[in-house]
Number of protein chains: 2
Amino acid sequence: MRILVTNDDGIFADGIRILAQDLLNLGEVRVVAPDRERSATGHAITVLRPLRIESVKFPDSRIRAWAVDGTPSDCVKLAIEDLLEWKPDVLVSGINRGPNLGTDVLYSGTVSAAIEGAIYEIPSVAISVAAFENCNYPVAAEFGKQLVSIVAKMGLPPKTLLNVNVPSVERRDLAGVSITRLGARVWKDVFDRRVDPRGRAYYWMAGSVEESDGDLDIDSVAVRHNMISITPIHLDLTGYDLIDQLKTWDIKFGDGF
Amino acid sequence: MRILVTNDDGIFADGIRILAQDLLNLGEVRVVAPDRERSATGHAITVLRPLRIESVKFPDSRIRAWAVDGTPSDCVKLAIEDLLEWKPDVLVSGINRGPNLGTDVLYSGTVSAAIEGAIYEIPSVAISVAAFENCNYPVAAEFGKQLVSIVAKMGLPPKTLLNVNVPSVERRDLAGVSITRLGARVWKDVFDRRVDPRGRAYYWMAGSVEESDGDLDIDSVAVRHNMISITPIHLDLTGYDLIDQLKTWDIKFGDGF
């Protein structure tokens, strides 16, 4: 199996190192990832300046790796268009430090890299560990490895990918796997306004999530109950339900149509 | 009517200037936009550094405006969380220089700003003119103004927005309005690899779209036939169709579940 690994925490993050090493058990592994942390870059790509690529050594010399001074989506595009000598059978993005749940997946570089993989028609999986401190990457990597081998066997429909969140607990404390949908994520106190020594204001984006309870088929609820959540993601943003309604609107353009 | 205007071409771009001026006919207008071009930033938000805000003068003093050193999504969040004294009735993002069609909306800062508006439950419209040179912003702004007044009256369902692309032609040459879905956008020759004077490679993201023909209910086809395309966009990325299928997968985690 040929596996492309990327992330948004940067190529030197623990999560991607542990993941790439584990995936070696399944086949060939190539890593193409940002040269530094690029969290919350969403599906940004770099078009206003050119990109640079640097070869990076991993402890295990079987893993060939490149750092890119761009976003996760840039990395996937460069890997497939230019760097790799083969088309990957599977793309794995992660392991992200911190959860990627609900509406927040829109902001996630980790998930966007997997969306980019799906655009290239590669079965793709995004994996996050649902904690920012004391992240249990080995458990998430082990689960990721097993899921990747299933995905390689079963395939995924076009334009879809999987978004996985693993609670940061010991393996014996995991409560199972839940196939989930994205929940709503309501943030409050989004900005922390401060004043610099020269008297000018600056704003940190921060805030906290108002957790709401619900069924275990909601990703954030499942994770809070120590379950691994697997949410299928699709990348057609068309709001089909609304098309017929819009056709009834009387949209005229002045004297024209 | 209270209208928030933003874009991804930056606050000094022609498109946002002409749009904001036209929208004054509908009510109060506030502009919060990036301080420079932030094209293709997708749904990026800025979390690794703080944001700065600067007041900007528009020719018409009734338009109050602020520049933010961040992404379009940052601008919408800052506007609603901090800068505006009211919650907007409508958000309009644009007028973008260049089309935002098909799969490419995932990369679009213009559309992402409107998605951010929808997250805040504000009826939101993204408007692009489908050309990079000789952009006919006045026609697009005039149509945008009429559509915004309809949206304000009719409302939009939760978690949806409208993505509008206007052909860059004279008004008399427009062939009508088509309610569309997002088409596929297949790019080729994505990277232009060059070598700098010191012998090191760099990569420009570029490429060209392979236009495919099809029905007028596909956004790119409609625009190519001189029709204004209006595509409803929703922001729930859950791939519901795949949930039942995944539940049949035998996902085991070692000796565990």
# chains A, B, ... in the order shown; residues from 1 in each chain; ligands from 1
>>> interface_residues(of="chain B", to="chain A", cutoff="6 Å", atoms="only C-alpha atoms", output="PDB file with N, CA and C atoms, in the first residue's frame")
ATOM      1  N   ALA B  40      -7.815  33.100  -2.124  1.00  0.00           N
ATOM      2  CA  ALA B  40      -7.571  31.664  -1.944  1.00  0.00           C
ATOM      3  C   ALA B  40      -7.219  31.304  -0.511  1.00  0.00           C
ATOM      4  N   THR B  41      -7.659  32.134   0.440  1.00  0.00           N
ATOM      5  CA  THR B  41      -7.393  31.809   1.839  1.00  0.00           C
ATOM      6  C   THR B  41      -8.394  30.802   2.380  1.00  0.00           C
ATOM      7  N   GLY B  42      -9.379  30.405   1.567  1.00  0.00           N
ATOM      8  CA  GLY B  42     -10.365  29.443   2.048  1.00  0.00           C
ATOM      9  C   GLY B  42     -10.974  29.925   3.347  1.00  0.00           C
ATOM     10  N   HIS B  43     -11.266  28.971   4.236  1.00  0.00           N
ATOM     11  CA  HIS B  43     -11.899  29.359   5.493  1.00  0.00           C
ATOM     12  C   HIS B  43     -10.865  29.526   6.608  1.00  0.00           C
ATOM     13  N   ALA B  44      -9.675  29.988   6.247  1.00  0.00           N
ATOM     14  CA  ALA B  44      -8.645  30.196   7.256  1.00  0.00           C
ATOM     15  C   ALA B  44      -9.085  31.239   8.287  1.00  0.00           C
ATOM     16  N   ILE B  45      -8.705  31.024   9.527  1.00  0.00           N
ATOM     17  CA  ILE B  45      -8.822  32.052  10.560  1.00  0.00           C
ATOM     18  C   ILE B  45      -7.454  32.205  11.209  1.00  0.00           C
ATOM     19  N   VAL B  47      -5.174  32.335  14.332  1.00  0.00           N
ATOM     20  CA  VAL B  47      -5.144  31.980  15.757  1.00  0.00           C
ATOM     21  C   VAL B  47      -3.730  32.001  16.328  1.00  0.00           C
ATOM     22  N   PRO B  50      -2.114  37.760  17.071  1.00  0.00           N
ATOM     23  CA  PRO B  50      -3.305  38.597  17.257  1.00  0.00           C
ATOM     24  C   PRO B  50      -3.602  39.418  16.011  1.00  0.00           C
ATOM     25  N   LEU B  51      -4.815  39.960  15.954  1.00  0.00           N
ATOM     26  CA  LEU B  51      -5.271  40.758  14.817  1.00  0.00           C
ATOM     27  C   LEU B  51      -5.263  42.245  15.163  1.00  0.00           C
ATOM     28  N   ARG B  52      -5.006  43.073  14.144  1.00  0.00           N
ATOM     29  CA  ARG B  52      -5.059  44.529  14.295  1.00  0.00           C
ATOM     30  C   ARG B  52      -6.171  45.080  13.420  1.00  0.00           C
ATOM     31  N   TYR B 107     -11.818  26.876  -1.911  1.00  0.00           N
ATOM     32  CA  TYR B 107     -10.611  27.688  -1.729  1.00  0.00           C
ATOM     33  C   TYR B 107     -10.917  29.168  -1.560  1.00  0.00           C
ATOM     34  N   GLY B 176     -29.789  36.087 -18.664  1.00  0.00           N
ATOM     35  CA  GLY B 176     -30.753  35.703 -17.642  1.00  0.00           C
ATOM     36  C   GLY B 176     -30.086  35.180 -16.391  1.00  0.00           C
ATOM     37  N   ARG B 181     -26.196  24.291  -9.524  1.00  0.00           N
ATOM     38  CA  ARG B 181     -25.415  23.526  -8.554  1.00  0.00           C
ATOM     39  C   ARG B 181     -23.941  23.692  -8.889  1.00  0.00           C
ATOM     40  N   LEU B 182     -23.082  23.342  -7.939  1.00  0.00           N
ATOM     41  CA  LEU B 182     -21.646  23.452  -8.157  1.00  0.00           C
ATOM     42  C   LEU B 182     -21.189  22.356  -9.109  1.00  0.00           C
ATOM     43  N   TYR B 202      11.504  26.731  -7.139  1.00  0.00           N
ATOM     44  CA  TYR B 202      10.302  27.238  -6.489  1.00  0.00           C
ATOM     45  C   TYR B 202       9.111  26.942  -7.386  1.00  0.00           C
ATOM     46  N   TYR B 203       7.930  26.904  -6.775  1.00  0.00           N
ATOM     47  CA  TYR B 203       6.731  26.428  -7.471  1.00  0.00           C
ATOM     48  C   TYR B 203       5.621  27.469  -7.397  1.00  0.00           C
ATOM     49  N   TRP B 204       5.172  27.937  -8.564  1.00  0.00           N
ATOM     50  CA  TRP B 204       3.985  28.791  -8.621  1.00  0.00           C
ATOM     51  C   TRP B 204       2.754  27.915  -8.828  1.00  0.00           C
ATOM     52  N   MET B 205       1.737  28.129  -7.994  1.00  0.00           N
ATOM     53  CA  MET B 205       0.473  27.459  -8.254  1.00  0.00           C
ATOM     54  C   MET B 205      -0.251  28.227  -9.357  1.00  0.00           C
ATOM     55  N   PRO B 232     -27.176  27.824  -4.344  1.00  0.00           N
ATOM     56  CA  PRO B 232     -27.324  27.742  -2.892  1.00  0.00           C
ATOM     57  C   PRO B 232     -26.218  26.860  -2.310  1.00  0.00           C
ATOM     58  N   ILE B 233     -25.625  27.335  -1.230  1.00  0.00           N
ATOM     59  CA  ILE B 233     -24.542  26.607  -0.563  1.00  0.00           C
ATOM     60  C   ILE B 233     -25.005  26.275   0.854  1.00  0.00           C
ATOM     61  N   HIS B 234     -24.679  25.072   1.306  1.00  0.00           N
ATOM     62  CA  HIS B 234     -24.986  24.749   2.701  1.00  0.00           C
ATOM     63  C   HIS B 234     -23.669  24.421   3.388  1.00  0.00           C
ATOM     64  N   LEU B 237     -21.058  19.627   6.295  1.00  0.00           N
ATOM     65  CA  LEU B 237     -20.209  18.759   5.480  1.00  0.00           C
ATOM     66  C   LEU B 237     -20.444  17.277   5.745  1.00  0.00           C
ATOM     67  N   THR B 238     -21.354  16.939   6.662  1.00  0.00           N
ATOM     68  CA  THR B 238     -21.599  15.528   6.942  1.00  0.00           C
ATOM     69  C   THR B 238     -22.046  14.796   5.674  1.00  0.00           C
ATOM     70  N   GLY B 239     -21.407  13.666   5.389  1.00  0.00           N
ATOM     71  CA  GLY B 239     -21.816  12.846   4.258  1.00  0.00           C
ATOM     72  C   GLY B 239     -22.848  11.834   4.700  1.00  0.00           C
ATOM     73  N   PHE B 257     -13.021  -3.330  21.231  1.00  0.00           N
ATOM     74  CA  PHE B 257     -14.376  -3.438  20.691  1.00  0.00           C
ATOM     75  C   PHE B 257     -14.335  -3.832  19.234  1.00  0.00           C
TER      76      PHE B 257
END
>>> select_by_dssp(residues="range 5-191 of chain A", states="helix (DSSP H, G or I)", output="VMD selection string")
chain A and resid 14 to 23 72 to 83 102 to 107 109 to 119 137 to 154 171 to 173
>>> atom_distance(atom1="CA of Pro88 in chain A", atom2="CA of Val32 in chain A")
12.1 Å
>>> atom_distance(atom1="CA of Thr110 in chain B", atom2="CA of Gly94 in chain B")
6.2 Å
>>> closest_residue(among="B:Gly98, B:Ala114, B:Asn165, B:Ala67", to="Glu133 in chain B", atoms="only C-alpha atoms")
B:Gly98
>>> decode(residues="range 193-231 of chain B", atoms="N, CA and C atoms", output="compact mmCIF listing (two decimals), in the first residue's frame")
# COMPACT_ATOMS: atom_id res chain seq x y z
N ARG B 193 7.02 25.06 -12.22
CA ARG B 193 8.28 24.94 -11.48
C ARG B 193 9.34 25.81 -12.14
N ARG B 194 9.99 26.66 -11.34
CA ARG B 194 11.05 27.52 -11.86
C ARG B 194 12.29 27.39 -10.98
N VAL B 195 13.38 27.93 -11.45
CA VAL B 195 14.63 27.86 -10.69
C VAL B 195 15.12 29.28 -10.45
N ASP B 196 15.46 29.60 -9.20
CA ASP B 196 15.86 30.96 -8.88
C ASP B 196 17.34 31.18 -9.28
N PRO B 197 17.82 32.43 -9.21
CA PRO B 197 19.20 32.71 -9.65
C PRO B 197 20.26 31.95 -8.85
N ARG B 198 19.89 31.43 -7.69
CA ARG B 198 20.83 30.64 -6.89
C ARG B 198 20.69 29.13 -7.16
N GLY B 199 19.86 28.77 -8.12
CA GLY B 199 19.76 27.38 -8.52
C GLY B 199 18.76 26.55 -7.73
N ARG B 200 17.96 27.20 -6.90
CA ARG B 200 16.98 26.45 -6.11
C ARG B 200 15.59 26.55 -6.74
N ALA B 201 14.85 25.45 -6.63
CA ALA B 201 13.53 25.40 -7.27
C ALA B 201 12.48 26.15 -6.44
N TYR B 202 11.50 26.73 -7.14
CA TYR B 202 10.30 27.24 -6.49
C TYR B 202 9.11 26.94 -7.39
N TYR B 203 7.93 26.90 -6.77
CA TYR B 203 6.73 26.43 -7.47
C TYR B 203 5.62 27.47 -7.40
N TRP B 204 5.17 27.94 -8.56
CA TRP B 204 3.98 28.79 -8.62
C TRP B 204 2.75 27.91 -8.83
N MET B 205 1.74 28.13 -7.99
CA MET B 205 0.47 27.46 -8.25
C MET B 205 -0.25 28.23 -9.36
N ALA B 206 -0.61 27.53 -10.40
CA ALA B 206 -1.22 28.22 -11.53
C ALA B 206 -2.19 27.24 -12.19
N GLY B 207 -1.90 26.82 -13.39
CA GLY B 207 -2.73 25.82 -14.06
C GLY B 207 -3.91 26.44 -14.76
N SER B 208 -4.63 25.59 -15.46
CA SER B 208 -5.81 26.04 -16.19
C SER B 208 -6.93 25.03 -16.00
N VAL B 209 -8.15 25.52 -16.09
CA VAL B 209 -9.32 24.66 -15.89
C VAL B 209 -9.69 24.00 -17.20
N GLU B 210 -9.98 22.71 -17.13
CA GLU B 210 -10.53 22.03 -18.30
C GLU B 210 -12.04 22.22 -18.26
N GLU B 211 -12.53 23.15 -19.07
CA GLU B 211 -13.96 23.43 -19.07
C GLU B 211 -14.70 22.26 -19.70
N SER B 212 -15.73 21.80 -19.04
CA SER B 212 -16.54 20.76 -19.65
C SER B 212 -17.93 21.33 -19.89
N ASP B 213 -18.58 20.89 -20.91
CA ASP B 213 -19.91 21.42 -21.18
C ASP B 213 -20.93 20.60 -20.40
N GLY B 214 -22.13 21.06 -20.40
CA GLY B 214 -23.17 20.37 -19.65
C GLY B 214 -24.40 21.23 -19.62
N ASP B 215 -25.28 20.93 -18.67
CA ASP B 215 -26.55 21.65 -18.60
C ASP B 215 -26.37 23.02 -17.95
N LEU B 216 -27.32 23.86 -18.20
CA LEU B 216 -27.29 25.21 -17.65
C LEU B 216 -27.56 25.24 -16.15
N ASP B 217 -27.84 24.07 -15.56
CA ASP B 217 -27.98 24.06 -14.11
C ASP B 217 -26.64 23.82 -13.41
N ILE B 218 -25.55 23.78 -14.17
CA ILE B 218 -24.21 23.74 -13.59
C ILE B 218 -23.65 25.16 -13.63
N ASP B 219 -23.11 25.61 -12.51
CA ASP B 219 -22.75 27.02 -12.40
C ASP B 219 -21.80 27.49 -13.50
N SER B 220 -20.74 26.74 -13.75
CA SER B 220 -19.75 27.20 -14.72
C SER B 220 -20.33 27.23 -16.14
N VAL B 221 -21.22 26.29 -16.43
CA VAL B 221 -21.84 26.26 -17.76
C VAL B 221 -22.75 27.47 -17.94
N ALA B 222 -23.55 27.74 -16.92
CA ALA B 222 -24.45 28.89 -17.00
C ALA B 222 -23.68 30.18 -17.26
N VAL B 223 -22.59 30.37 -16.50
CA VAL B 223 -21.83 31.60 -16.64
C VAL B 223 -21.21 31.70 -18.03
N ARG B 224 -20.75 30.55 -18.55
CA ARG B 224 -20.15 30.57 -19.88
C ARG B 224 -21.18 30.93 -20.96
N HIS B 225 -22.45 30.70 -20.64
CA HIS B 225 -23.51 31.09 -21.57
C HIS B 225 -24.10 32.45 -21.20
N ASN B 226 -23.29 33.26 -20.53
CA ASN B 226 -23.66 34.64 -20.19
C ASN B 226 -24.85 34.74 -19.25
N MET B 227 -25.10 33.67 -18.48
CA MET B 227 -26.16 33.75 -17.47
C MET B 227 -25.53 34.02 -16.10
N ILE B 228 -26.26 34.76 -15.28
CA ILE B 228 -25.86 34.92 -13.88
C ILE B 228 -26.20 33.62 -13.16
N SER B 229 -25.22 33.01 -12.48
CA SER B 229 -25.52 31.79 -11.73
C SER B 229 -25.73 32.12 -10.25
N ILE B 230 -26.75 31.52 -9.68
CA ILE B 230 -26.98 31.61 -8.23
C ILE B 230 -27.00 30.19 -7.70
N THR B 231 -26.01 29.83 -6.89
CA THR B 231 -25.93 28.49 -6.33
C THR B 231 -26.17 28.55 -4.83
